[in-house]
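Okay, structure first, notes after.
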Amino acid sequence: MSIAVLRLGHRLVRDDRTTTHVALVSRAFGCKKIFMTDVDESILETIKRVCDDWGGSNEFDVEIIQDWRSLLKTWKKNNGIIVHLTMYGINIEHLSHDYPHGKNILVVIGASKVPKDVYFIADMNIAVGNQPHSEIAALAIFLDRYFQGKELINSFDNAKMKIVPSSRGKIVKIRKLKKSN
């Protein structure tokens, strides 16, 4: 069982930081993959650098796709669940919190106006609030509820840097790389 994210759309330049943050939240909060339909090369470089420095290069994957409808159809055909995060969905507080564990989940979040058919293809349309809000916040809250807070202590293999929790200041442990001769 794994969770992946589909970032549907990307408004060039305007969404660079947001799309980067969607990917970072996906990685940090336990997703194994993010699919993107449009992306600037600098975003891919940032995500790769974060995975190289903080770990996860073998645990988190980025895939650029051209046909998101095909991805959704294939996901469902393979018995996966599609969760669309939208402010128009059922408020997350009104769900039984019995999310479909044991199946692969694809979380869809939009950048601009999401095509109408996504609302009907999705198995669940979930809102973290029925007001305008950030897709980054929606993703983080959904993943936190899904993993019941366990994602907050994730660690990644092969990290060059690791934060040492501290009530004051910043402590980063840097792994020394072995020199090859």
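Ordering of the structure tokens sets the chain letters (A, B, ...); residue numbers start at 1 within each chain; ligands are numbered from 1 in the order shown.
Non-sequential neighbours of Phe35 (chain A) (distance at most 7 Å, separation of 3 or more positions within a chain, only C-alpha atoms) are Val5, Leu6, Arg7, Val62, Glu63, Ile64 and Ile65 of chain A.
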Residues of region 5-179 of chain A in helix (DSSP H, G or I), written as a ChimeraX atom specification: /A:16-28,41-54,68-77,92-94,116-121,135-147,150-153
Residue nearest Ser57 (chain A) among A:Thr19, A:Gly89, A:Asp40, A:Arg27 (counting only C-alpha atoms): A:Arg27
Contacts of Lys32 (chain A) at 9 Å (only C-alpha atoms; same-chain gap of 5+ positions) as a VMD selection string: chain A and resid 2 to 5 26 to 27 59 to 62
Sel. of strand (DSSP E or B) residues, region 5-151 of chain A, as a ChimeraX atom specification: /A:5-8,33-36,61-64,81-91,105-110,124-127
Write a file of the selected residues as a PDB file, in the first residue's frame, keeping C-alpha atoms.
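The resulting again-v9.pdb:
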ATOM      1  CA  VAL A   5      -0.016  12.585  -5.369  1.00  0.00           C
ATOM      2  CA  LEU A   6      -1.135  13.982  -8.706  1.00  0.00           C
ATOM      3  CA  ARG A   7      -0.435  17.705  -9.019  1.00  0.00           C
ATOM      4  CA  LEU A   8      -2.907  18.573 -11.748  1.00  0.00           C
ATOM      5  CA  LYS A  33       5.540   9.404  -5.541  1.00  0.00           C
ATOM      6  CA  ILE A  34       4.255  12.579  -7.102  1.00  0.00           C
ATOM      7  CA  PHE A  35       2.939  12.847 -10.635  1.00  0.00           C
ATOM      8  CA  MET A  36       3.044  16.270 -12.265  1.00  0.00           C
ATOM      9  CA  ASP A  61       9.849   9.477  -7.037  1.00  0.00           C
ATOM     10  CA  VAL A  62       8.768  12.304  -9.343  1.00  0.00           C
ATOM     11  CA  GLU A  63       7.134  11.461 -12.654  1.00  0.00           C
ATOM     12  CA  ILE A  64       6.060  13.944 -15.315  1.00  0.00           C
ATOM     13  CA  ILE A  81      -8.513   4.662  -4.718  1.00  0.00           C
ATOM     14  CA  ILE A  82      -8.633   8.244  -6.002  1.00  0.00           C
ATOM     15  CA  VAL A  83      -9.056  10.994  -3.415  1.00  0.00           C
ATOM     16  CA  HIS A  84      -9.608  14.502  -4.774  1.00  0.00           C
ATOM     17  CA  LEU A  85      -8.887  17.307  -2.318  1.00  0.00           C
ATOM     18  CA  THR A  86     -11.227  20.199  -3.056  1.00  0.00           C
ATOM     19  CA  MET A  87     -12.999  22.853  -1.029  1.00  0.00           C
ATOM     20  CA  TYR A  88     -16.235  21.621  -2.663  1.00  0.00           C
ATOM     21  CA  GLY A  89     -15.961  18.115  -1.210  1.00  0.00           C
ATOM     22  CA  ILE A  90     -17.314  16.529   1.953  1.00  0.00           C
ATOM     23  CA  ASN A  91     -15.671  18.215   4.918  1.00  0.00           C
ATOM     24  CA  ILE A 105      -4.276   5.866  -2.956  1.00  0.00           C
ATOM     25  CA  LEU A 106      -3.802   8.657  -5.472  1.00  0.00           C
ATOM     26  CA  VAL A 107      -4.448  12.102  -3.991  1.00  0.00           C
ATOM     27  CA  VAL A 108      -5.379  14.650  -6.662  1.00  0.00           C
ATOM     28  CA  ILE A 109      -4.798  18.352  -6.043  1.00  0.00           C
ATOM     29  CA  GLY A 110      -5.215  21.073  -8.608  1.00  0.00           C
ATOM     30  CA  MET A 124     -13.835  10.590  -2.660  1.00  0.00           C
ATOM     31  CA  ASN A 125     -14.022  14.392  -2.927  1.00  0.00           C
ATOM     32  CA  ILE A 126     -12.710  15.656   0.410  1.00  0.00           C
ATOM     33  CA  ALA A 127     -12.484  19.203   1.746  1.00  0.00           C
TER      34      ALA A 127
END
Shortest interatomic distance to Asn130 (chain A) - which of A:Ile92, A:Leu71, A:Ala23, A:Ile43, counting only C-alpha atoms: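 Going through A:Ile92, A:Leu71, A:Ala23, A:Ile43 one by one, the smallest distance to Asn130 (chain A) is for A:Ile92.
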Among the residues A:Asp15, A:Glu45, A:Asp157, A:Asp52, the one that comes closest to Ser112 (chain A) [using only C-alpha atoms]: A:Asp15
Distance criterion (only C-alpha atoms): nearest to Gly30 (chain A) out of A:Leu95, A:Arg168, A:Leu152, A:Lys103: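 Smallest distance to Gly30 (chain A) is found for A:Leu152.
Counting only C-alpha atoms, the residue from A:Cys31, A:Asp38, A:Cys51, A:Thr20 that sits nearest to Phe156 (chain A) is A:Cys51.
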